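Inspection log for the structure reproduced underneath, given as structure tokens.
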Amino acid sequence: MSTILPVAQRGERILTATAAEVARTELNSPWLKELAAAMYATMLERNGVGIAAPQVYVSKRVIIVASRPNSRYPDAPEMDALVMVNPEILEKSELTVLGEEGCLSVSDERGQVARAQMIKLRYLTLDAEVVETSFSGFPARIVQHEVDHLDGVLFIERI
Ligand code: K1U
Ligand code: ZN
């Protein structure tokens with residue numbers, strides 16, 4: 001059983017800071033694995049489809065993306081949760097799409113946000129493997145929302 005962490009709420013300073021890169025020496029470490037496990041447990045407990053480390057008061061560049069079909073995105077793919085360390089968006093499609101977003105750090109508010117329909121992305125796994133991949137649709141939206149958290153930006157600033 002993993003720890004459920006408190007989730008920072010809009011107005012708290014940690015949500016406006018730029019998160020620090022995870023150092024090479026931190027990869028494969030027990031603390032990084034424990035952080036990822038606690039983020040995952042917290043995301044599940046809150047019924048989320050993603051989470052970023054600053055939301056649990058850790059200002060490090062770690063996100064989890066876990067698309068699943070839901071009432072707003074019935075055609076979203078069901079994917080195993082992906083832990084991404086130091087994610088970098090390498091390319092964004094010129095095509096943007098409007099879609100509804102919510103946020104575990106902004107209770108009771110949802111809004112339509114324009115996001116790139118497709119992105120290319122590089123990240124590290126917890127085991128230091130480099131992954132380059134692309135996402136489109138709802139998973140691409142979640143990644144962009146979570147990377148915004150690493151840069152201190154909330155979706156309400158994009159409405
Ligand atoms: O980072 C977060 O605050 C989690 C957030 C991720 C997210 C949801 C929707 C669009 C982009 C990013 C949530 O999981 S909010 C709750 C939720 O499950 C949800 C909200 C709207 C549509 C689908 C799901
Ligand atoms: Zn959020």
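To be explicit about the labels: the chains of the structure tokens are called A, B, and onward in the order shown, and within each one the residues are counted from 1, while ligands get numbers from 1 in the order they are shown.
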
Within 7 Å of ligand 2, counting only C-alpha atoms and all ligand atoms, residues as number ranges by chain
A: 51, 102-105, 145-146, 149, 154-155

For the selection just defined, write its residues with N, CA and C atoms to a file, as a JSON list (two decimals), in the first residue's frame.
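Printed below is out09.json as written:
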[["chain", "number", "residue", "atom", "x", "y", "z"],
["A", 51, "ILE", "N", -1.07, 13.45, -13.02],
["A", 51, "ILE", "CA", -0.64, 14.18, -11.82],
["A", 51, "ILE", "C", 0.81, 14.60, -12.06],
["A", 102, "GLY", "N", -10.01, 19.58, -16.27],
["A", 102, "GLY", "CA", -10.17, 19.82, -14.84],
["A", 102, "GLY", "C", -8.79, 19.73, -14.22],
["A", 103, "CYS", "N", -8.69, 19.92, -12.93],
["A", 103, "CYS", "CA", -7.37, 19.88, -12.28],
["A", 103, "CYS", "C", -7.56, 19.50, -10.81],
["A", 104, "LEU", "N", -6.71, 18.60, -10.34],
["A", 104, "LEU", "CA", -6.80, 18.19, -8.95],
["A", 104, "LEU", "C", -6.44, 19.34, -8.00],
["A", 105, "SER", "N", -5.81, 20.38, -8.55],
["A", 105, "SER", "CA", -5.40, 21.54, -7.74],
["A", 105, "SER", "C", -6.36, 22.72, -7.87],
["A", 145, "HIS", "N", -0.99, 19.40, -20.12],
["A", 145, "HIS", "CA", -1.49, 19.92, -18.83],
["A", 145, "HIS", "C", -0.45, 19.65, -17.72],
["A", 146, "GLU", "N", 0.12, 18.44, -17.73],
["A", 146, "GLU", "CA", 1.07, 18.08, -16.66],
["A", 146, "GLU", "C", 2.40, 18.82, -16.83],
["A", 149, "HIS", "N", 2.20, 22.12, -15.37],
["A", 149, "HIS", "CA", 2.39, 22.13, -13.91],
["A", 149, "HIS", "C", 3.89, 22.25, -13.57],
["A", 154, "LEU", "N", -1.20, 26.88, -14.53],
["A", 154, "LEU", "CA", -2.47, 26.15, -14.34],
["A", 154, "LEU", "C", -3.36, 26.32, -15.56],
["A", 155, "PHE", "N", -4.24, 25.36, -15.81],
["A", 155, "PHE", "CA", -5.07, 25.41, -17.02],
["A", 155, "PHE", "C", -5.97, 26.66, -17.04]]

Identify, counting only C-alpha atoms and all ligand atoms, the protein, DNA and RNA residues located within 8 Å of ligand 1, and give them as a PDB file with N, CA and C atoms, in the first residue's frame.
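Below is the file that was written, pocket.pdb:
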ATOM      1  N   MET A  43      -3.182  10.006  -7.328  1.00  0.00           N
ATOM      2  CA  MET A  43      -3.970  10.225  -8.556  1.00  0.00           C
ATOM      3  C   MET A  43      -5.190   9.286  -8.587  1.00  0.00           C
ATOM      4  N   ARG A  46      -7.897  10.304  -6.152  1.00  0.00           N
ATOM      5  CA  ARG A  46      -8.639  11.503  -6.576  1.00  0.00           C
ATOM      6  C   ARG A  46      -9.352  11.306  -7.910  1.00  0.00           C
ATOM      7  N   ASN A  47      -9.248  10.065  -8.445  1.00  0.00           N
ATOM      8  CA  ASN A  47      -9.926   9.753  -9.700  1.00  0.00           C
ATOM      9  C   ASN A  47      -9.375  10.550 -10.883  1.00  0.00           C
ATOM     10  N   GLY A  48      -8.100  10.890 -10.836  1.00  0.00           N
ATOM     11  CA  GLY A  48      -7.497  11.687 -11.905  1.00  0.00           C
ATOM     12  C   GLY A  48      -6.971  10.829 -13.048  1.00  0.00           C
ATOM     13  N   VAL A  49      -6.611  11.524 -14.121  1.00  0.00           N
ATOM     14  CA  VAL A  49      -6.011  10.861 -15.291  1.00  0.00           C
ATOM     15  C   VAL A  49      -4.558  11.311 -15.473  1.00  0.00           C
ATOM     16  N   GLY A  50      -4.072  12.068 -14.518  1.00  0.00           N
ATOM     17  CA  GLY A  50      -2.688  12.523 -14.543  1.00  0.00           C
ATOM     18  C   GLY A  50      -2.369  13.196 -13.227  1.00  0.00           C
ATOM     19  N   ILE A  51      -1.071  13.451 -13.024  1.00  0.00           N
ATOM     20  CA  ILE A  51      -0.639  14.180 -11.823  1.00  0.00           C
ATOM     21  C   ILE A  51       0.812  14.603 -12.062  1.00  0.00           C
ATOM     22  N   ALA A  52       1.194  15.728 -11.445  1.00  0.00           N
ATOM     23  CA  ALA A  52       2.571  16.228 -11.552  1.00  0.00           C
ATOM     24  C   ALA A  52       3.127  16.391 -10.139  1.00  0.00           C
ATOM     25  N   GLN A  55       2.216  19.098  -7.602  1.00  0.00           N
ATOM     26  CA  GLN A  55       0.879  19.026  -6.992  1.00  0.00           C
ATOM     27  C   GLN A  55       0.916  18.313  -5.634  1.00  0.00           C
ATOM     28  N   ASN A  70     -13.736   8.400 -20.479  1.00  0.00           N
ATOM     29  CA  ASN A  70     -14.518   9.064 -19.422  1.00  0.00           C
ATOM     30  C   ASN A  70     -15.670   9.788 -20.093  1.00  0.00           C
ATOM     31  N   SER A  71     -16.539  10.399 -19.298  1.00  0.00           N
ATOM     32  CA  SER A  71     -17.759  10.971 -19.878  1.00  0.00           C
ATOM     33  C   SER A  71     -17.457  12.065 -20.907  1.00  0.00           C
ATOM     34  N   ARG A  72     -16.394  12.827 -20.698  1.00  0.00           N
ATOM     35  CA  ARG A  72     -16.032  13.900 -21.636  1.00  0.00           C
ATOM     36  C   ARG A  72     -15.292  13.382 -22.853  1.00  0.00           C
ATOM     37  N   TYR A  73     -14.530  12.313 -22.670  1.00  0.00           N
ATOM     38  CA  TYR A  73     -13.705  11.758 -23.755  1.00  0.00           C
ATOM     39  C   TYR A  73     -13.981  10.253 -23.840  1.00  0.00           C
ATOM     40  N   GLY A  99     -10.761  21.403 -25.722  1.00  0.00           N
ATOM     41  CA  GLY A  99     -11.287  20.270 -24.960  1.00  0.00           C
ATOM     42  C   GLY A  99     -11.404  20.641 -23.496  1.00  0.00           C
ATOM     43  N   GLU A 100     -12.290  19.920 -22.807  1.00  0.00           N
ATOM     44  CA  GLU A 100     -12.530  20.249 -21.400  1.00  0.00           C
ATOM     45  C   GLU A 100     -11.398  19.720 -20.509  1.00  0.00           C
ATOM     46  N   GLU A 101     -11.007  20.537 -19.557  1.00  0.00           N
ATOM     47  CA  GLU A 101     -10.003  20.118 -18.574  1.00  0.00           C
ATOM     48  C   GLU A 101     -10.499  20.389 -17.157  1.00  0.00           C
ATOM     49  N   GLY A 102     -10.007  19.583 -16.268  1.00  0.00           N
ATOM     50  CA  GLY A 102     -10.173  19.822 -14.838  1.00  0.00           C
ATOM     51  C   GLY A 102      -8.794  19.726 -14.223  1.00  0.00           C
ATOM     52  N   CYS A 103      -8.691  19.923 -12.929  1.00  0.00           N
ATOM     53  CA  CYS A 103      -7.375  19.882 -12.283  1.00  0.00           C
ATOM     54  C   CYS A 103      -7.565  19.504 -10.814  1.00  0.00           C
ATOM     55  N   LEU A 104      -6.715  18.602 -10.345  1.00  0.00           N
ATOM     56  CA  LEU A 104      -6.803  18.193  -8.947  1.00  0.00           C
ATOM     57  C   LEU A 104      -6.444  19.341  -8.003  1.00  0.00           C
ATOM     58  N   SER A 105      -5.805  20.383  -8.548  1.00  0.00           N
ATOM     59  CA  SER A 105      -5.404  21.541  -7.736  1.00  0.00           C
ATOM     60  C   SER A 105      -6.359  22.718  -7.873  1.00  0.00           C
ATOM     61  N   VAL A 106      -7.415  22.547  -8.670  1.00  0.00           N
ATOM     62  CA  VAL A 106      -8.411  23.618  -8.859  1.00  0.00           C
ATOM     63  C   VAL A 106      -9.776  22.975  -8.675  1.00  0.00           C
ATOM     64  N   ARG A 110     -13.981  23.649 -14.234  1.00  0.00           N
ATOM     65  CA  ARG A 110     -13.574  22.998 -15.482  1.00  0.00           C
ATOM     66  C   ARG A 110     -13.602  24.047 -16.562  1.00  0.00           C
ATOM     67  N   PHE A 138      -6.541  12.912 -26.411  1.00  0.00           N
ATOM     68  CA  PHE A 138      -6.626  13.108 -24.958  1.00  0.00           C
ATOM     69  C   PHE A 138      -5.292  12.870 -24.242  1.00  0.00           C
ATOM     70  N   ARG A 141      -3.231  15.896 -24.582  1.00  0.00           N
ATOM     71  CA  ARG A 141      -3.782  16.967 -23.731  1.00  0.00           C
ATOM     72  C   ARG A 141      -3.304  16.785 -22.277  1.00  0.00           C
ATOM     73  N   ILE A 142      -3.361  15.559 -21.788  1.00  0.00           N
ATOM     74  CA  ILE A 142      -2.923  15.328 -20.396  1.00  0.00           C
ATOM     75  C   ILE A 142      -1.436  15.681 -20.253  1.00  0.00           C
ATOM     76  N   VAL A 143      -0.607  15.230 -21.218  1.00  0.00           N
ATOM     77  CA  VAL A 143       0.832  15.533 -21.127  1.00  0.00           C
ATOM     78  C   VAL A 143       1.045  17.043 -21.073  1.00  0.00           C
ATOM     79  N   GLN A 144       0.363  17.793 -21.968  1.00  0.00           N
ATOM     80  CA  GLN A 144       0.567  19.251 -21.997  1.00  0.00           C
ATOM     81  C   GLN A 144       0.112  19.894 -20.682  1.00  0.00           C
ATOM     82  N   HIS A 145      -0.992  19.401 -20.122  1.00  0.00           N
ATOM     83  CA  HIS A 145      -1.487  19.916 -18.831  1.00  0.00           C
ATOM     84  C   HIS A 145      -0.449  19.648 -17.725  1.00  0.00           C
ATOM     85  N   GLU A 146       0.118  18.438 -17.730  1.00  0.00           N
ATOM     86  CA  GLU A 146       1.071  18.078 -16.661  1.00  0.00           C
ATOM     87  C   GLU A 146       2.396  18.819 -16.826  1.00  0.00           C
ATOM     88  N   HIS A 149       2.195  22.118 -15.370  1.00  0.00           N
ATOM     89  CA  HIS A 149       2.393  22.135 -13.909  1.00  0.00           C
ATOM     90  C   HIS A 149       3.886  22.252 -13.569  1.00  0.00           C
TER      91      HIS A 149
END

If you run DSSP on this backbone, which residues of segment 19-60 of chain A come out as helix (DSSP H, G or I), and could you give them as number ranges by chain?
A: 24-26, 30-45, 53-56

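As for atom CA of Thr3 of chain A and atom CA of Tyr123 of chain A, they are spaced 24.8 Å apart.
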
Arg158 of chain A environment, 9 Å, only C-alpha atoms, sequence neighbours closer than 4 positions dropped, as number ranges by chain
A: 112-114, 153-154

How close does segment 79-157 of chain A get to segment 22-36 of chain A? List, as a Markdown table, each residue of segment 79-157 of chain A within 9 Å, its nearest atom pair and the distance in Å to one decimal, counting only C-alpha atoms.
| residue | atom | partner | partner_atom | distance |
| --- | --- | --- | --- | --- |
| A:Val83 | CA | A:Ala36 | CA | 7.0 |
| A:Val85 | CA | A:Val22 | CA | 7.0 |
| A:Asn86 | CA | A:Val22 | CA | 6.4 |
| A:Leu124 | CA | A:Leu27 | CA | 8.8 |
| A:Thr125 | CA | A:Leu27 | CA | 8.3 |
| A:Leu126 | CA | A:Asn28 | CA | 5.7 |
| A:Asp127 | CA | A:Asn28 | CA | 5.0 |
| A:Ala128 | CA | A:Leu27 | CA | 5.8 |

Check segment 3-157 of chain A with DSSP on the backbone and list each residue it calls strand (DSSP E), as number ranges by chain.
A: 50-52, 62-65, 82-92, 96-103, 106-116, 118-124, 130-136

Write out the residues from the selection above, keeping N, CA and C atoms, as a compact mmCIF listing (two decimals), in the first residue's frame.
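Full text of result_31.txt as output:
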# COMPACT_ATOMS: atom_id res chain seq x y z
N GLY A 50 -4.07 12.07 -14.52
CA GLY A 50 -2.69 12.52 -14.54
C GLY A 50 -2.37 13.20 -13.23
N ILE A 51 -1.07 13.45 -13.02
CA ILE A 51 -0.64 14.18 -11.82
C ILE A 51 0.81 14.60 -12.06
N ALA A 52 1.19 15.73 -11.44
CA ALA A 52 2.57 16.23 -11.55
C ALA A 52 3.13 16.39 -10.14
N VAL A 62 8.61 15.43 -12.61
CA VAL A 62 8.07 14.06 -12.71
C VAL A 62 6.56 14.18 -12.91
N ILE A 63 6.05 13.46 -13.93
CA ILE A 63 4.59 13.45 -14.16
C ILE A 63 4.12 12.01 -14.36
N ILE A 64 2.82 11.80 -14.17
CA ILE A 64 2.19 10.52 -14.52
C ILE A 64 1.03 10.84 -15.47
N VAL A 65 0.91 10.03 -16.52
CA VAL A 65 -0.16 10.19 -17.51
C VAL A 65 -0.89 8.85 -17.59
N LEU A 82 1.83 5.94 -17.26
CA LEU A 82 3.23 6.17 -17.63
C LEU A 82 3.85 7.18 -16.69
N VAL A 83 4.95 6.81 -16.07
CA VAL A 83 5.71 7.76 -15.25
C VAL A 83 6.77 8.37 -16.17
N MET A 84 6.78 9.69 -16.24
CA MET A 84 7.73 10.39 -17.12
C MET A 84 8.61 11.31 -16.27
N VAL A 85 9.91 11.12 -16.40
CA VAL A 85 10.88 11.94 -15.67
C VAL A 85 11.52 12.91 -16.67
N ASN A 86 11.64 14.16 -16.29
CA ASN A 86 12.21 15.22 -17.14
C ASN A 86 11.59 15.22 -18.55
N PRO A 87 10.26 15.23 -18.66
CA PRO A 87 9.65 15.20 -19.99
C PRO A 87 9.94 16.50 -20.75
N GLU A 88 10.21 16.34 -22.05
CA GLU A 88 10.44 17.52 -22.91
C GLU A 88 9.54 17.39 -24.11
N ILE A 89 8.73 18.39 -24.37
CA ILE A 89 7.92 18.39 -25.59
C ILE A 89 8.81 18.89 -26.72
N LEU A 90 9.06 18.02 -27.71
CA LEU A 90 10.00 18.34 -28.79
C LEU A 90 9.29 19.05 -29.93
N GLU A 91 8.06 18.68 -30.20
CA GLU A 91 7.28 19.28 -31.29
C GLU A 91 5.82 19.30 -30.90
N LYS A 92 5.12 20.35 -31.37
CA LYS A 92 3.67 20.41 -31.21
C LYS A 92 3.05 20.62 -32.58
N THR A 96 -4.59 22.86 -33.31
CA THR A 96 -5.00 22.79 -31.91
C THR A 96 -6.46 22.39 -31.83
N VAL A 97 -6.82 21.82 -30.69
CA VAL A 97 -8.21 21.41 -30.47
C VAL A 97 -8.65 21.90 -29.09
N LEU A 98 -9.91 22.30 -29.03
CA LEU A 98 -10.48 22.72 -27.74
C LEU A 98 -10.99 21.48 -27.02
N GLY A 99 -10.76 21.40 -25.72
CA GLY A 99 -11.29 20.27 -24.96
C GLY A 99 -11.40 20.64 -23.50
N GLU A 100 -12.29 19.92 -22.81
CA GLU A 100 -12.53 20.25 -21.40
C GLU A 100 -11.40 19.72 -20.51
N GLU A 101 -11.01 20.54 -19.56
CA GLU A 101 -10.00 20.12 -18.57
C GLU A 101 -10.50 20.39 -17.16
N GLY A 102 -10.01 19.58 -16.27
CA GLY A 102 -10.17 19.82 -14.84
C GLY A 102 -8.79 19.73 -14.22
N CYS A 103 -8.69 19.92 -12.93
CA CYS A 103 -7.37 19.88 -12.28
C CYS A 103 -7.56 19.50 -10.81
N VAL A 106 -7.42 22.55 -8.67
CA VAL A 106 -8.41 23.62 -8.86
C VAL A 106 -9.78 22.98 -8.67
N SER A 107 -10.27 22.95 -7.46
CA SER A 107 -11.50 22.20 -7.21
C SER A 107 -12.70 22.92 -7.81
N ASP A 108 -13.62 22.14 -8.30
CA ASP A 108 -14.93 22.63 -8.77
C ASP A 108 -14.84 23.56 -9.97
N GLU A 109 -13.78 23.50 -10.75
CA GLU A 109 -13.74 24.33 -11.96
C GLU A 109 -13.27 23.48 -13.13
N ARG A 110 -13.98 23.65 -14.23
CA ARG A 110 -13.57 23.00 -15.48
C ARG A 110 -13.60 24.05 -16.56
N GLY A 111 -12.90 23.84 -17.65
CA GLY A 111 -12.91 24.84 -18.71
C GLY A 111 -12.38 24.26 -20.01
N GLN A 112 -12.69 24.97 -21.09
CA GLN A 112 -12.25 24.56 -22.42
C GLN A 112 -10.87 25.18 -22.68
N VAL A 113 -9.92 24.32 -23.03
CA VAL A 113 -8.55 24.77 -23.27
C VAL A 113 -8.12 24.30 -24.66
N ALA A 114 -7.47 25.21 -25.41
CA ALA A 114 -6.92 24.83 -26.72
C ALA A 114 -5.54 24.22 -26.49
N ARG A 115 -5.32 23.04 -27.02
CA ARG A 115 -4.03 22.34 -26.91
C ARG A 115 -3.65 21.78 -28.28
N ALA A 116 -2.35 21.60 -28.49
CA ALA A 116 -1.90 20.94 -29.71
C ALA A 116 -2.52 19.55 -29.79
N MET A 118 -1.36 17.02 -31.51
CA MET A 118 -0.33 15.98 -31.50
C MET A 118 0.98 16.57 -30.95
N ILE A 119 1.69 15.79 -30.17
CA ILE A 119 2.99 16.24 -29.67
C ILE A 119 4.02 15.13 -29.81
N LYS A 120 5.28 15.55 -29.99
CA LYS A 120 6.40 14.60 -29.87
C LYS A 120 7.09 14.90 -28.56
N LEU A 121 7.53 13.86 -27.90
CA LEU A 121 7.96 13.99 -26.51
C LEU A 121 9.17 13.09 -26.25
N ARG A 122 10.08 13.59 -25.41
CA ARG A 122 11.18 12.75 -24.90
C ARG A 122 11.10 12.77 -23.37
N TYR A 123 11.29 11.61 -22.76
CA TYR A 123 11.33 11.56 -21.30
C TYR A 123 12.21 10.39 -20.85
N LEU A 124 12.50 10.37 -19.57
CA LEU A 124 13.24 9.26 -18.98
C LEU A 124 12.28 8.42 -18.15
N VAL A 130 15.79 6.23 -21.99
CA VAL A 130 15.31 7.39 -22.74
C VAL A 130 14.21 6.92 -23.70
N VAL A 131 13.05 7.59 -23.65
CA VAL A 131 11.93 7.22 -24.53
C VAL A 131 11.59 8.43 -25.40
N GLU A 132 11.48 8.20 -26.71
CA GLU A 132 10.96 9.25 -27.60
C GLU A 132 9.71 8.70 -28.25
N THR A 133 8.62 9.45 -28.13
CA THR A 133 7.33 8.94 -28.61
C THR A 133 6.43 10.12 -28.97
N SER A 134 5.27 9.79 -29.51
CA SER A 134 4.31 10.86 -29.80
C SER A 134 2.94 10.46 -29.25
N PHE A 135 2.14 11.49 -28.95
CA PHE A 135 0.78 11.28 -28.46
C PHE A 135 -0.15 12.20 -29.21
N SER A 136 -1.38 11.77 -29.37
CA SER A 136 -2.39 12.66 -29.95
C SER A 136 -3.67 12.55 -29.11

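For the residues A:Gly152, A:Pro139, A:Lys60, A:Glu157, ranking by smallest atom-to-atom distance to Glu12 of chain A using only C-alpha atoms places A:Gly152 first.
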
Atom CA of Ala19 of chain A and atom CA of Pro54 of chain A are how many Å apart?
7.1 Å

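The gap separating atom CA of Ala37 of chain A from atom CA of Pro6 of chain A is 14.0 Å, in Å to one decimal.
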
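Of the listed residues A:Val7, A:Met1, A:Val58, A:Ile14, the one whose atoms come nearest to Ala41 of chain A is A:Met1, with distances taken using only C-alpha atoms.
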
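You can rank A:Ala76, A:Ala140, A:Leu150, A:Ile156 by their closest distance to Val56 of chain A using only C-alpha atoms, and at the top of that list sits A:Leu150.
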
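Taking only C-alpha atoms into account, Asp148 of chain A lies nearest to A:Ala17 out of the set A:Ala8, A:Leu44, A:Met39, A:Ala17.
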